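Here is the file input.cif (mmCIF, C-alpha atoms).
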```cif
data_work
loop_
_atom_site.label_atom_id
_atom_site.label_comp_id
_atom_site.auth_asym_id
_atom_site.auth_seq_id
_atom_site.Cartn_x
_atom_site.Cartn_y
_atom_site.Cartn_z
CA MET U 1 0.00 0.00 0.00
CA SER U 2 1.35 3.42 -0.88
CA SER U 3 2.79 5.37 2.02
CA SER U 4 1.14 8.59 0.97
CA ALA U 5 -1.03 10.26 -1.61
CA PRO U 6 0.64 12.59 -4.08
CA GLN U 7 0.31 16.15 -2.84
CA ASP U 8 -1.28 18.84 -4.99
CA THR U 9 1.37 21.27 -6.15
CA ALA U 10 -1.35 23.71 -7.20
CA PRO U 11 -3.74 23.66 -4.21
CA HIS U 12 -6.11 26.24 -5.65
CA ARG U 13 -6.70 24.59 -8.99
CA LEU U 14 -9.76 22.50 -9.73
CA TRP U 15 -9.14 18.79 -10.04
CA SER U 16 -11.21 16.82 -12.52
CA VAL U 17 -13.23 13.82 -11.37
CA ASP U 18 -11.00 11.53 -13.41
CA GLU U 19 -7.79 12.99 -11.95
CA HIS U 20 -9.01 12.56 -8.38
CA LEU U 21 -10.10 8.97 -9.01
CA ALA U 22 -6.82 8.12 -10.74
CA ASP U 23 -4.91 9.59 -7.78
CA ILE U 24 -6.86 7.36 -5.38
CA LEU U 25 -6.47 4.18 -7.43
CA ALA U 26 -2.75 4.80 -7.91
CA ALA U 27 -2.28 4.87 -4.12
CA VAL U 28 -4.53 1.95 -3.13
CA ARG U 29 -3.06 -1.55 -3.31
CA PRO U 30 -4.94 -4.85 -3.00
CA LEU U 31 -4.91 -6.43 0.45
CA GLU U 32 -2.52 -9.31 1.06
CA PRO U 33 -4.03 -12.78 0.43
CA ILE U 34 -4.99 -15.03 3.32
CA GLU U 35 -6.51 -18.50 3.55
CA LEU U 36 -10.10 -18.58 4.74
CA GLN U 37 -12.69 -21.24 5.42
CA LEU U 38 -15.39 -21.36 2.77
CA LEU U 39 -18.12 -19.37 4.49
CA ASP U 40 -15.63 -16.78 5.67
CA ALA U 41 -14.46 -16.41 2.07
CA GLN U 42 -17.88 -15.39 0.78
CA GLY U 43 -17.64 -12.07 -1.04
CA CYS U 44 -13.86 -12.30 -1.35
CA VAL U 45 -11.77 -12.46 -4.52
CA LEU U 46 -10.00 -15.73 -5.26
CA VAL U 47 -6.24 -15.38 -5.79
CA GLU U 48 -5.55 -18.88 -7.15
CA ASP U 49 -6.88 -21.06 -9.92
CA VAL U 50 -8.82 -23.96 -8.42
CA THR U 51 -8.82 -27.24 -10.34
CA VAL U 52 -11.15 -30.17 -9.86
CA PRO U 53 -9.52 -33.03 -7.93
CA VAL U 54 -12.33 -35.55 -8.53
CA ALA U 55 -15.01 -35.81 -11.18
CA LEU U 56 -18.51 -34.55 -10.41
CA PRO U 57 -20.56 -36.56 -9.92
CA PRO U 58 -17.90 -39.07 -8.78
CA PHE U 59 -20.01 -42.06 -9.89
CA ASP U 60 -22.99 -42.87 -12.10
CA ASN U 61 -26.10 -42.12 -10.07
CA SER U 62 -29.86 -41.96 -10.37
CA SER U 63 -31.67 -38.71 -11.09
CA MET U 64 -35.01 -40.19 -9.97
CA ASP U 65 -36.60 -42.32 -7.30
CA GLY U 66 -37.43 -45.56 -9.06
CA TYR U 67 -35.97 -48.90 -10.09
CA ALA U 68 -32.58 -49.72 -11.55
CA VAL U 69 -33.14 -52.18 -14.44
CA ARG U 70 -31.60 -53.83 -17.46
CA VAL U 71 -32.87 -52.37 -20.76
CA ALA U 72 -33.68 -55.77 -22.27
CA ASP U 73 -35.92 -56.65 -19.31
CA VAL U 74 -38.28 -53.69 -19.84
CA GLN U 75 -38.26 -53.61 -23.64
CA GLY U 76 -41.85 -53.39 -24.93
CA ALA U 77 -43.32 -52.95 -21.44
CA SER U 78 -46.77 -51.32 -21.24
CA GLU U 79 -49.62 -50.92 -18.80
CA GLU U 80 -51.44 -53.78 -20.52
CA PHE U 81 -48.35 -55.97 -20.67
CA PRO U 82 -46.01 -54.85 -17.87
CA ALA U 83 -42.57 -56.27 -17.35
CA VAL U 84 -42.56 -58.17 -14.06
CA LEU U 85 -39.21 -58.06 -12.30
CA ALA U 86 -37.89 -59.51 -9.04
CA VAL U 87 -36.85 -56.76 -6.61
CA ILE U 88 -33.52 -57.73 -5.04
CA GLY U 89 -33.07 -54.84 -2.60
CA ASP U 90 -32.71 -51.13 -1.99
CA VAL U 91 -29.98 -48.76 -3.16
CA ALA U 92 -30.04 -45.56 -1.15
CA ALA U 93 -27.87 -42.46 -1.46
CA GLY U 94 -24.62 -43.19 0.34
CA SER U 95 -24.90 -46.94 -0.17
CA GLY U 96 -21.59 -48.78 -0.01
CA GLU U 97 -21.97 -52.42 -1.10
CA LEU U 98 -24.32 -52.62 -4.07
CA PRO U 99 -26.44 -55.53 -5.26
CA THR U 100 -25.83 -56.79 -8.77
CA VAL U 101 -28.87 -56.55 -11.04
CA GLY U 102 -29.17 -59.70 -13.13
CA PRO U 103 -31.65 -60.76 -15.84
CA GLY U 104 -35.25 -60.34 -14.74
CA GLN U 105 -34.23 -58.34 -11.69
CA ALA U 106 -34.54 -54.73 -10.45
CA ALA U 107 -33.32 -52.78 -7.45
CA ARG U 108 -35.21 -49.97 -5.78
CA ILE U 109 -33.04 -46.88 -6.16
CA MET U 110 -33.25 -43.40 -4.68
CA THR U 111 -32.25 -40.06 -6.20
CA GLY U 112 -28.48 -39.60 -5.96
CA ALA U 113 -27.81 -43.26 -5.21
CA PRO U 114 -25.08 -45.02 -7.24
CA LEU U 115 -26.22 -47.12 -10.18
CA PRO U 116 -25.68 -50.75 -9.14
CA PRO U 117 -23.66 -53.21 -11.27
CA GLY U 118 -25.65 -54.82 -14.07
CA ALA U 119 -28.22 -52.01 -14.24
CA GLU U 120 -28.35 -49.91 -17.43
CA ALA U 121 -31.19 -47.47 -16.75
CA VAL U 122 -33.59 -46.20 -14.12
CA VAL U 123 -37.36 -46.28 -14.51
CA PRO U 124 -39.17 -43.69 -12.33
CA VAL U 125 -41.45 -45.14 -9.68
CA GLU U 126 -44.39 -43.46 -11.46
CA TRP U 127 -43.78 -45.83 -14.40
CA THR U 128 -44.37 -48.81 -12.09
CA ASP U 129 -46.83 -50.18 -9.59
CA GLY U 130 -44.32 -49.51 -6.81
CA GLY U 131 -44.32 -53.17 -5.92
CA THR U 132 -47.90 -53.06 -4.66
CA GLY U 133 -49.49 -55.08 -7.42
CA GLY U 134 -51.90 -52.24 -8.17
CA GLY U 135 -51.92 -49.36 -10.68
CA ALA U 136 -49.34 -46.67 -11.29
CA ALA U 137 -47.56 -45.64 -8.11
CA SER U 138 -47.20 -42.05 -6.98
CA GLY U 139 -44.29 -42.76 -4.67
CA MET U 140 -42.35 -45.40 -2.81
CA THR U 141 -43.31 -46.99 0.46
CA PRO U 142 -40.74 -45.88 3.04
CA ALA U 143 -38.22 -48.64 3.72
CA SER U 144 -38.68 -48.28 7.48
CA ALA U 145 -42.46 -48.66 7.23
CA ALA U 146 -42.53 -51.58 4.81
CA PRO U 147 -39.36 -53.66 4.74
CA GLU U 148 -41.00 -56.00 2.27
CA GLY U 149 -40.92 -53.13 -0.23
CA ALA U 150 -37.28 -53.99 -0.82
CA GLY U 151 -38.27 -57.41 -2.04
CA GLY U 152 -41.08 -59.09 -3.97
CA GLU U 153 -41.98 -58.05 -7.49
CA VAL U 154 -42.47 -54.80 -9.39
CA ARG U 155 -44.49 -54.28 -12.55
CA VAL U 156 -42.91 -51.82 -15.00
CA HIS U 157 -45.37 -50.14 -17.37
CA ARG U 158 -42.94 -48.40 -19.76
CA ALA U 159 -39.73 -49.23 -21.56
CA ALA U 160 -36.49 -47.34 -20.87
CA GLU U 161 -33.53 -46.57 -23.07
CA ALA U 162 -29.96 -47.16 -21.96
CA ARG U 163 -28.74 -44.51 -19.45
CA ALA U 164 -32.26 -43.16 -18.95
CA HIS U 165 -32.43 -41.10 -15.75
CA VAL U 166 -28.77 -41.77 -15.02
CA ARG U 167 -26.37 -38.92 -14.23
CA SER U 168 -23.03 -40.03 -15.64
CA ARG U 169 -19.78 -39.79 -13.73
CA GLY U 170 -18.04 -36.52 -14.62
CA SER U 171 -21.08 -35.07 -16.43
CA ASP U 172 -20.72 -31.87 -14.36
CA VAL U 173 -16.93 -31.47 -14.28
CA GLN U 174 -14.01 -33.80 -14.92
CA ALA U 175 -10.98 -34.23 -12.73
CA GLY U 176 -8.35 -31.70 -13.78
CA ASP U 177 -10.87 -29.18 -15.11
CA LEU U 178 -10.57 -25.54 -14.04
CA ALA U 179 -13.27 -25.05 -11.43
CA LEU U 180 -12.75 -21.35 -10.68
CA ALA U 181 -10.19 -18.90 -12.03
CA ALA U 182 -8.19 -16.46 -9.94
CA GLY U 183 -10.05 -13.16 -9.76
CA THR U 184 -13.46 -14.77 -9.22
CA VAL U 185 -15.66 -13.17 -6.57
CA LEU U 186 -16.96 -15.97 -4.36
CA GLY U 187 -20.75 -15.92 -4.14
CA PRO U 188 -23.06 -18.74 -3.00
CA PRO U 189 -22.80 -20.77 -6.27
CA GLN U 190 -19.00 -20.59 -6.19
CA ILE U 191 -18.93 -21.59 -2.52
CA ALA U 192 -21.16 -24.55 -3.41
CA LEU U 193 -18.79 -25.67 -6.18
CA LEU U 194 -15.77 -25.43 -3.89
CA ALA U 195 -17.52 -27.53 -1.27
CA ALA U 196 -18.65 -30.05 -3.89
CA ILE U 197 -15.08 -30.66 -5.02
CA GLY U 198 -13.88 -31.03 -1.44
CA ARG U 199 -12.20 -27.68 -0.81
CA GLY U 200 -12.67 -26.59 2.80
CA ALA U 201 -10.57 -23.43 2.51
CA VAL U 202 -9.24 -21.15 -0.25
CA ARG U 203 -6.72 -18.33 -0.66
CA VAL U 204 -8.45 -15.02 -1.18
CA ARG U 205 -7.97 -11.33 -0.66
CA PRO U 206 -10.03 -10.52 2.45
CA ARG U 207 -12.95 -8.14 2.36
CA PRO U 208 -11.68 -4.66 3.22
CA ARG U 209 -12.55 -3.28 6.65
CA VAL U 210 -14.01 0.18 6.15
CA VAL U 211 -14.61 2.55 9.05
CA VAL U 212 -17.19 5.26 8.38
CA LEU U 213 -17.57 8.26 10.63
CA SER U 214 -19.53 11.48 10.26
CA THR U 215 -18.71 14.78 11.87
CA GLY U 216 -20.91 17.57 13.16
CA SER U 217 -22.07 18.76 16.58
CA GLU U 218 -25.56 19.07 15.12
CA LEU U 219 -25.88 15.34 14.45
CA VAL U 220 -28.12 13.12 16.56
CA GLN U 221 -28.40 9.32 16.33
CA PRO U 222 -31.69 7.98 14.93
CA GLY U 223 -34.02 6.96 17.74
CA GLU U 224 -32.97 9.85 19.99
CA ALA U 225 -34.93 13.06 20.46
CA LEU U 226 -34.04 16.08 18.34
CA ALA U 227 -33.18 19.31 20.09
CA ALA U 228 -33.30 22.76 18.51
CA GLY U 229 -30.84 23.06 15.64
CA THR U 230 -30.06 19.34 15.42
CA ILE U 231 -30.65 16.77 12.68
CA TYR U 232 -30.38 13.01 12.45
CA ASP U 233 -27.12 11.50 11.24
CA SER U 234 -27.97 9.78 7.96
CA ASN U 235 -24.57 9.93 6.26
CA SER U 236 -22.80 7.35 8.38
CA PHE U 237 -25.67 4.90 7.89
CA ALA U 238 -25.82 5.50 4.14
CA LEU U 239 -22.08 5.14 3.64
CA ALA U 240 -21.73 2.10 5.89
CA ALA U 241 -24.52 0.42 3.92
CA ALA U 242 -22.86 1.47 0.66
CA ALA U 243 -19.55 0.04 1.84
CA ARG U 244 -21.21 -3.30 2.56
CA ASP U 245 -22.87 -3.20 -0.82
CA ALA U 246 -19.45 -2.67 -2.41
CA GLY U 247 -18.13 -5.82 -0.71
CA ALA U 248 -16.53 -4.43 2.45
CA ILE U 249 -16.92 -5.16 6.13
CA ALA U 250 -18.24 -1.83 7.40
CA TYR U 251 -17.91 -0.30 10.85
CA ARG U 252 -20.03 2.76 11.58
CA VAL U 253 -18.81 5.20 14.20
CA GLY U 254 -21.26 7.56 15.90
CA ALA U 255 -21.09 11.20 14.87
CA VAL U 256 -18.06 13.09 16.16
CA ALA U 257 -18.52 16.62 17.49
CA ASP U 258 -16.80 19.59 15.84
CA ASP U 259 -13.56 19.33 17.76
CA ALA U 260 -10.27 18.58 16.00
CA GLU U 261 -8.58 16.90 18.95
CA THR U 262 -11.56 14.63 19.53
CA LEU U 263 -11.64 13.66 15.86
CA ARG U 264 -7.92 12.92 15.80
CA SER U 265 -8.34 10.70 18.85
CA VAL U 266 -11.28 8.82 17.30
CA ILE U 267 -9.39 8.25 14.06
CA GLU U 268 -6.36 6.98 15.97
CA ASP U 269 -8.57 4.54 17.89
CA GLN U 270 -10.21 3.27 14.68
CA LEU U 271 -6.98 2.62 12.78
CA ILE U 272 -6.57 -0.78 14.41
CA ARG U 273 -9.60 -2.15 12.53
CA ALA U 274 -9.44 -0.12 9.31
CA ASP U 275 -8.12 -0.89 5.86
CA LEU U 276 -9.84 2.29 4.72
CA LEU U 277 -11.25 5.29 6.61
CA VAL U 278 -14.13 7.38 5.29
CA THR U 279 -15.18 10.65 6.90
CA THR U 280 -18.10 12.82 5.93
CA GLY U 281 -18.45 16.51 6.64
CA GLY U 282 -15.96 19.17 7.66
CA VAL U 283 -13.96 19.44 4.42
CA SER U 284 -15.01 22.87 3.14
CA VAL U 285 -13.84 26.33 4.17
CA GLY U 286 -16.03 27.05 7.19
CA ALA U 287 -14.80 27.89 10.69
CA TYR U 288 -16.05 24.51 11.97
CA ASP U 289 -14.77 22.26 9.19
CA VAL U 290 -13.14 19.95 11.69
CA VAL U 291 -11.88 17.21 9.36
CA LYS U 292 -9.76 19.64 7.42
CA GLU U 293 -8.42 21.12 10.65
CA ALA U 294 -7.71 17.76 12.26
CA LEU U 295 -5.96 16.17 9.30
CA THR U 296 -3.60 18.96 8.28
CA SER U 297 -0.51 20.20 10.12
CA VAL U 298 -1.36 22.14 13.23
CA SER U 299 0.89 24.20 15.44
CA ALA U 300 1.79 22.84 18.85
CA GLY U 301 4.07 25.33 20.55
CA ASP U 302 7.29 25.60 18.57
CA GLU U 303 6.88 22.42 16.54
CA ALA U 304 4.54 21.35 13.77
CA VAL U 305 2.57 18.20 14.38
CA GLU U 306 1.65 16.21 11.27
CA ALA U 307 -1.76 14.68 11.96
CA GLY U 308 -1.97 13.03 8.57
CA ASN U 309 -0.85 13.20 4.98
CA VAL U 310 -4.23 14.21 3.56
CA ASP U 311 -4.64 16.56 0.64
CA PHE U 312 -7.80 18.65 0.56
CA ARG U 313 -8.81 19.80 -2.89
CA LYS U 314 -11.67 21.14 -4.96
CA LEU U 315 -13.11 19.12 -7.81
CA ALA U 316 -14.82 20.30 -10.96
CA MET U 317 -18.03 18.47 -10.10
CA GLN U 318 -21.48 19.06 -8.67
CA PRO U 319 -22.38 17.91 -6.08
CA GLY U 320 -19.22 17.10 -4.14
CA LYS U 321 -16.78 19.89 -4.93
CA PRO U 322 -14.70 19.69 -1.68
CA GLN U 323 -12.84 16.38 -1.28
CA GLY U 324 -9.91 15.04 0.71
CA PHE U 325 -7.65 12.06 0.14
CA GLY U 326 -4.47 10.77 1.71
CA THR U 327 -3.12 8.39 4.34
CA VAL U 328 -3.02 8.43 8.12
CA GLY U 329 -1.37 6.44 10.87
CA PRO U 330 1.77 4.29 11.01
CA ASP U 331 0.48 1.88 8.36
CA HIS U 332 -0.44 4.72 5.99
CA THR U 333 -4.11 3.73 6.00
CA PRO U 334 -5.99 5.38 3.11
CA LEU U 335 -8.53 8.02 4.14
CA LEU U 336 -11.16 9.61 1.95
CA ALA U 337 -12.79 12.77 3.32
CA LEU U 338 -16.19 13.42 1.75
CA PRO U 339 -18.45 16.48 1.98
CA GLY U 340 -21.25 16.51 4.52
CA ASN U 341 -24.36 17.14 2.44
CA PRO U 342 -26.13 13.77 2.13
CA VAL U 343 -26.34 13.65 -1.67
CA SER U 344 -22.81 15.02 -2.05
CA SER U 345 -21.41 12.35 0.27
CA TYR U 346 -23.28 9.52 -1.42
CA VAL U 347 -22.34 10.59 -4.95
CA SER U 348 -18.74 10.99 -3.79
CA PHE U 349 -18.83 7.50 -2.31
CA GLU U 350 -20.04 5.96 -5.56
CA LEU U 351 -17.42 7.79 -7.62
CA PHE U 352 -14.40 7.45 -5.34
CA VAL U 353 -14.86 5.22 -2.28
CA ARG U 354 -16.51 2.29 -4.00
CA PRO U 355 -13.66 2.00 -6.54
CA ALA U 356 -11.13 2.20 -3.67
CA ILE U 357 -12.89 -0.63 -1.81
CA ARG U 358 -13.00 -2.83 -4.87
CA ALA U 359 -9.36 -2.09 -5.65
CA LEU U 360 -8.48 -3.22 -2.12
CA MET U 361 -10.41 -6.43 -2.86
CA GLY U 362 -8.13 -7.08 -5.82
CA LEU U 363 -10.66 -6.59 -8.59
CA PRO U 364 -9.37 -5.35 -11.96
CA GLN U 365 -9.85 -1.68 -12.76
CA SER U 366 -12.59 -2.54 -15.25
CA GLN U 367 -14.72 -3.81 -12.34
CA VAL U 368 -14.08 -1.22 -9.65
CA SER U 369 -16.66 1.36 -10.73
CA ARG U 370 -20.38 1.07 -11.32
CA PRO U 371 -21.40 0.16 -14.88
CA SER U 372 -22.68 2.93 -17.11
CA VAL U 373 -24.90 3.03 -20.19
CA ARG U 374 -26.06 5.60 -22.71
CA ALA U 375 -29.70 6.65 -22.42
CA VAL U 376 -32.06 9.22 -23.88
CA LEU U 377 -33.23 12.00 -21.57
CA LYS U 378 -36.96 11.86 -20.91
CA ALA U 379 -37.98 15.19 -19.34
CA ASP U 380 -40.46 18.03 -19.68
CA ARG U 381 -37.79 20.71 -19.98
CA PRO U 382 -34.06 21.05 -20.57
CA ILE U 383 -31.69 20.27 -17.71
CA GLY U 384 -29.25 23.04 -16.83
CA SER U 385 -25.71 22.40 -15.62
CA PRO U 386 -22.96 24.77 -14.44
CA ALA U 387 -20.17 25.45 -16.91
CA GLY U 388 -16.91 23.73 -16.11
CA ARG U 389 -18.49 21.24 -13.69
CA ARG U 390 -19.36 17.60 -14.27
CA GLN U 391 -22.84 17.29 -12.82
CA PHE U 392 -24.33 14.12 -11.39
CA LEU U 393 -28.12 14.17 -11.20
CA ARG U 394 -30.36 11.53 -9.68
CA GLY U 395 -32.25 9.59 -12.30
CA ALA U 396 -34.76 6.81 -12.96
CA TYR U 397 -33.52 4.53 -15.73
CA ASP U 398 -35.82 2.46 -17.95
CA ALA U 399 -33.75 -0.29 -19.57
CA GLU U 400 -36.60 -1.41 -21.82
CA SER U 401 -37.03 1.97 -23.48
CA GLY U 402 -33.44 3.10 -23.05
CA THR U 403 -34.53 6.34 -21.39
CA VAL U 404 -33.72 8.12 -18.15
CA GLY U 405 -35.60 10.84 -16.31
CA PRO U 406 -34.65 13.16 -13.44
CA VAL U 407 -35.72 12.36 -9.89
CA GLY U 408 -36.10 15.41 -7.65
CA GLY U 409 -34.07 18.57 -7.94
CA SER U 410 -30.34 19.19 -7.97
CA GLY U 411 -30.05 20.19 -4.30
CA SER U 412 -27.41 18.24 -2.39
CA HIS U 413 -29.69 17.89 0.67
CA LEU U 414 -32.57 16.08 -1.07
CA ILE U 415 -32.35 12.63 0.54
CA ALA U 416 -35.90 11.60 -0.39
CA ALA U 417 -35.17 12.01 -4.09
CA LEU U 418 -31.99 9.98 -3.73
CA ALA U 419 -33.96 7.14 -2.15
CA HIS U 420 -36.11 6.87 -5.27
CA ALA U 421 -33.29 7.07 -7.81
CA ASP U 422 -31.60 4.06 -9.38
CA SER U 423 -28.98 5.90 -11.42
CA LEU U 424 -26.92 9.04 -11.80
CA MET U 425 -27.22 11.11 -14.96
CA VAL U 426 -23.86 12.57 -15.98
CA VAL U 427 -23.68 16.00 -17.61
CA PRO U 428 -20.16 16.74 -18.93
CA GLU U 429 -18.16 19.81 -17.93
CA ASP U 430 -18.58 21.51 -21.31
CA VAL U 431 -22.38 21.11 -21.45
CA THR U 432 -24.61 23.71 -19.80
CA SER U 433 -27.98 22.43 -21.02
CA VAL U 434 -29.31 18.99 -21.97
CA GLU U 435 -32.40 18.99 -24.16
CA PRO U 436 -35.09 16.30 -23.83
CA GLY U 437 -34.33 13.55 -26.34
CA SER U 438 -30.59 14.04 -26.01
CA GLU U 439 -28.36 11.09 -25.16
CA LEU U 440 -26.23 11.14 -22.05
CA GLU U 441 -24.19 8.82 -19.82
CA VAL U 442 -26.03 7.10 -16.98
CA ILE U 443 -24.29 5.41 -14.04
CA LEU U 444 -26.39 2.47 -12.80
CA LEU U 445 -26.64 2.25 -9.02
CA GLY U 446 -28.57 -1.00 -8.67
#
```

Now that the file is in, can you turn its structure into structure tokens?
Amino acid sequence: MSSSAPQDTAPHRLWSVDEHLADILAAVRPLEPIELQLLDAQGCVLVEDVTVPVALPPFDNSSMDGYAVRVADVQGASEEFPAVLAVIGDVAAGSGELPTVGPGQAARIMTGAPLPPGAEAVVPVEWTDGGTGGGAASGMTPASAAPEGAGGEVRVHRAAEARAHVRSRGSDVQAGDLALAAGTVLGPPQIALLAAIGRGAVRVRPRPRVVVLSTGSELVQPGEALAAGTIYDSNSFALAAAARDAGAIAYRVGAVADDAETLRSVIEDQLIRADLLVTTGGVSVGAYDVVKEALTSVSAGDEAVEAGNVDFRKLAMQPGKPQGFGTVGPDHTPLLALPGNPVSSYVSFELFVRPAIRALMGLPQSQVSRPSVRAVLKADRPIGSPAGRRQFLRGAYDAESGTVGPVGGSGSHLIAALAHADSLMVVPEDVTSVEPGSELEVILLG
């Protein structure tokens, strides 16, 4: 992991969105691989190719509950002229010693049970009388309730071709096949495959631990009473949830009051469990912008104390103009400082924090950001955008029609509109108005 973020030699210039993101991704390195048990590895990125040690399935087995038979013995069988076979026993899933099916014989067989020697096909129990001597059976008599069901005779009402209802050895994967390639994100189907081929643990890059904390003396935790001049802290909840959605293990810290020393202390305490720190609020130019104060050099008597190597900059974007990025602590833990307005912080997360998380996971650069599409603007009036700023507007995308429409206004405090949006409409820096029917880039959030 890089020891620091490159410092801005022109602190008053506007950074582009792409420059800021490139700066972040250049400094973030994938976490070191570790070996994890299967369930602990869920959501992680595989760092090794996994090959199949044994074929799946490892033996020929039945895909139905029924009877294992020889093809010649049921040839021409019908309801009027059934084939009558001697039942020599049961073959259940997990059976070890298997009976040999000879001429004129059948063995009751259960789904997943190995095909016994001599048998060439399986006839479903519904094609037989189930050994009862009556009409077509709907199921088998449980072995525990009717031991005689494993013996006697069975009438088969339909013929079967060779290998009918038999799952062949290796029909899923063969020994030596590539099961999963390095770089695969392990979801439930991949975990199932690893278990099926006998892997109890795998080498992966662990899910990044992301600590999210919001700042502001005005913030109150949901569930508590609001006093005059206070609001509920939504940012830390939104960003912690977004971090989980990106694949991280998220830790949410309660809102920190507007005091630089307190914030520095909280950050120091959180470093022990953080691969990435995310703060929200306090990055602008106000007298109480505590993050900026806490994470830049401050004077302590005659010596300067470096609280962190964090660069605060302005971006040519709306919302989210003030941003901070750098490293803190002895391990140079990456820190992204986001603005405090709810929409600004969330948009900033999607553009910058999510890619950082996924880079820490070890995903290729092509997979770190949300996918985007081109869509036609569906609106009643043109959409305005400030010159020289890349604007990100909340949108509702219709994949079927290939259109997108605005949701709510452009204000960075409009949380309700954000909750109903599934995309961000992107207006480039050199465009000040987008007419209905125009095509534009849309970042998909779902």

Identify all residues satisfying the PyMOL selection byres ((chain U and resi 326-342) around 7) in the given file; provide them as JSON, numbers by chain.
{"U": [3, 4, 5, 235, 275, 276, 277, 278, 279, 280, 281, 282, 283, 308, 309, 310, 311, 320, 322, 323, 324, 325, 343, 344, 345, 346, 348, 412, 413, 415]}

Would you kindly translate the PyMOL selection byres ((chain U and resi 91-108) around 12) into the concrete residues it picks from this file, as a compact mmCIF listing (two decimals) with C-alpha atoms, in the frame of the given file?
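Writing the result to expr07.txt gives the following:
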```txt
# COMPACT_ATOMS: atom_id res chain seq x y z
CA PHE U 59 -20.01 -42.06 -9.89
CA ASP U 60 -22.99 -42.87 -12.10
CA ASN U 61 -26.10 -42.12 -10.07
CA SER U 62 -29.86 -41.96 -10.37
CA SER U 63 -31.67 -38.71 -11.09
CA MET U 64 -35.01 -40.19 -9.97
CA ASP U 65 -36.60 -42.32 -7.30
CA GLY U 66 -37.43 -45.56 -9.06
CA TYR U 67 -35.97 -48.90 -10.09
CA ALA U 68 -32.58 -49.72 -11.55
CA VAL U 69 -33.14 -52.18 -14.44
CA ARG U 70 -31.60 -53.83 -17.46
CA VAL U 71 -32.87 -52.37 -20.76
CA ALA U 72 -33.68 -55.77 -22.27
CA ASP U 73 -35.92 -56.65 -19.31
CA VAL U 74 -38.28 -53.69 -19.84
CA GLN U 75 -38.26 -53.61 -23.64
CA ALA U 83 -42.57 -56.27 -17.35
CA VAL U 84 -42.56 -58.17 -14.06
CA LEU U 85 -39.21 -58.06 -12.30
CA ALA U 86 -37.89 -59.51 -9.04
CA VAL U 87 -36.85 -56.76 -6.61
CA ILE U 88 -33.52 -57.73 -5.04
CA GLY U 89 -33.07 -54.84 -2.60
CA ASP U 90 -32.71 -51.13 -1.99
CA ILE U 109 -33.04 -46.88 -6.16
CA MET U 110 -33.25 -43.40 -4.68
CA THR U 111 -32.25 -40.06 -6.20
CA GLY U 112 -28.48 -39.60 -5.96
CA ALA U 113 -27.81 -43.26 -5.21
CA PRO U 114 -25.08 -45.02 -7.24
CA LEU U 115 -26.22 -47.12 -10.18
CA PRO U 116 -25.68 -50.75 -9.14
CA PRO U 117 -23.66 -53.21 -11.27
CA GLY U 118 -25.65 -54.82 -14.07
CA ALA U 119 -28.22 -52.01 -14.24
CA GLU U 120 -28.35 -49.91 -17.43
CA ALA U 121 -31.19 -47.47 -16.75
CA VAL U 122 -33.59 -46.20 -14.12
CA VAL U 123 -37.36 -46.28 -14.51
CA PRO U 124 -39.17 -43.69 -12.33
CA VAL U 125 -41.45 -45.14 -9.68
CA THR U 128 -44.37 -48.81 -12.09
CA GLY U 130 -44.32 -49.51 -6.81
CA GLY U 131 -44.32 -53.17 -5.92
CA GLY U 139 -44.29 -42.76 -4.67
CA MET U 140 -42.35 -45.40 -2.81
CA THR U 141 -43.31 -46.99 0.46
CA PRO U 142 -40.74 -45.88 3.04
CA ALA U 143 -38.22 -48.64 3.72
CA PRO U 147 -39.36 -53.66 4.74
CA GLU U 148 -41.00 -56.00 2.27
CA GLY U 149 -40.92 -53.13 -0.23
CA ALA U 150 -37.28 -53.99 -0.82
CA GLY U 151 -38.27 -57.41 -2.04
CA GLY U 152 -41.08 -59.09 -3.97
CA GLU U 153 -41.98 -58.05 -7.49
CA VAL U 154 -42.47 -54.80 -9.39
CA ARG U 155 -44.49 -54.28 -12.55
CA VAL U 156 -42.91 -51.82 -15.00
```

Taking the file as shown, what set of residues would the PyMOL selection byres ((chain U and resi 16) around 10) give back, as a VMD selection string?
chain U and resid 13 to 15 17 to 22 314 to 317 321 388 to 390 429

Could you please determine the separation between CA of Ala379 (chain U) and CA of Thr403 (chain U) in Å, to one decimal place?
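Going from CA of Ala379 (chain U) over to CA of Thr403 (chain U), I get 9.7 Å.
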
Considering only C-alpha atoms, return as an NGL selection string whatever protein or nucleic-acid residues lie within 8 Å of Tyr251 (chain U), sequence-local ones (same chain, fewer than 3 positions apart) excluded.
:U and (209-212 or 240)

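With distances restricted to all atoms listed in the file, U:Ala375 is the closest residue to Gly437 (chain U) from U:Ile267, U:Val368, U:Val52, U:Ala375.
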
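Distance-wise, CA of Val28 (chain U) and CA of Ala356 (chain U) end up 6.6 Å apart.
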
Extract, using only C-alpha atoms, all DNA, RNA and protein residues at most 10 Å from Ser234 (chain U), discarding same-chain residues fewer than 2 positions from it, and format them as a ChimeraX atom specification.
/U:214,219-222,231-232,236-239,255,341-342,415

Writer output for current selection, C-alpha atoms, as a short mmCIF file (atom, residue, chain, number, x, y, z; two decimals), keeping the file's coordinate frame:
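result.cif written:
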```cif
data_model
loop_
_atom_site.label_atom_id
_atom_site.label_comp_id
_atom_site.auth_asym_id
_atom_site.auth_seq_id
_atom_site.Cartn_x
_atom_site.Cartn_y
_atom_site.Cartn_z
CA SER U 214 -19.53 11.48 10.26
CA LEU U 219 -25.88 15.34 14.45
CA VAL U 220 -28.12 13.12 16.56
CA GLN U 221 -28.40 9.32 16.33
CA PRO U 222 -31.69 7.98 14.93
CA ILE U 231 -30.65 16.77 12.68
CA TYR U 232 -30.38 13.01 12.45
CA SER U 236 -22.80 7.35 8.38
CA PHE U 237 -25.67 4.90 7.89
CA ALA U 238 -25.82 5.50 4.14
CA LEU U 239 -22.08 5.14 3.64
CA ALA U 255 -21.09 11.20 14.87
CA ASN U 341 -24.36 17.14 2.44
CA PRO U 342 -26.13 13.77 2.13
CA ILE U 415 -32.35 12.63 0.54
#
```
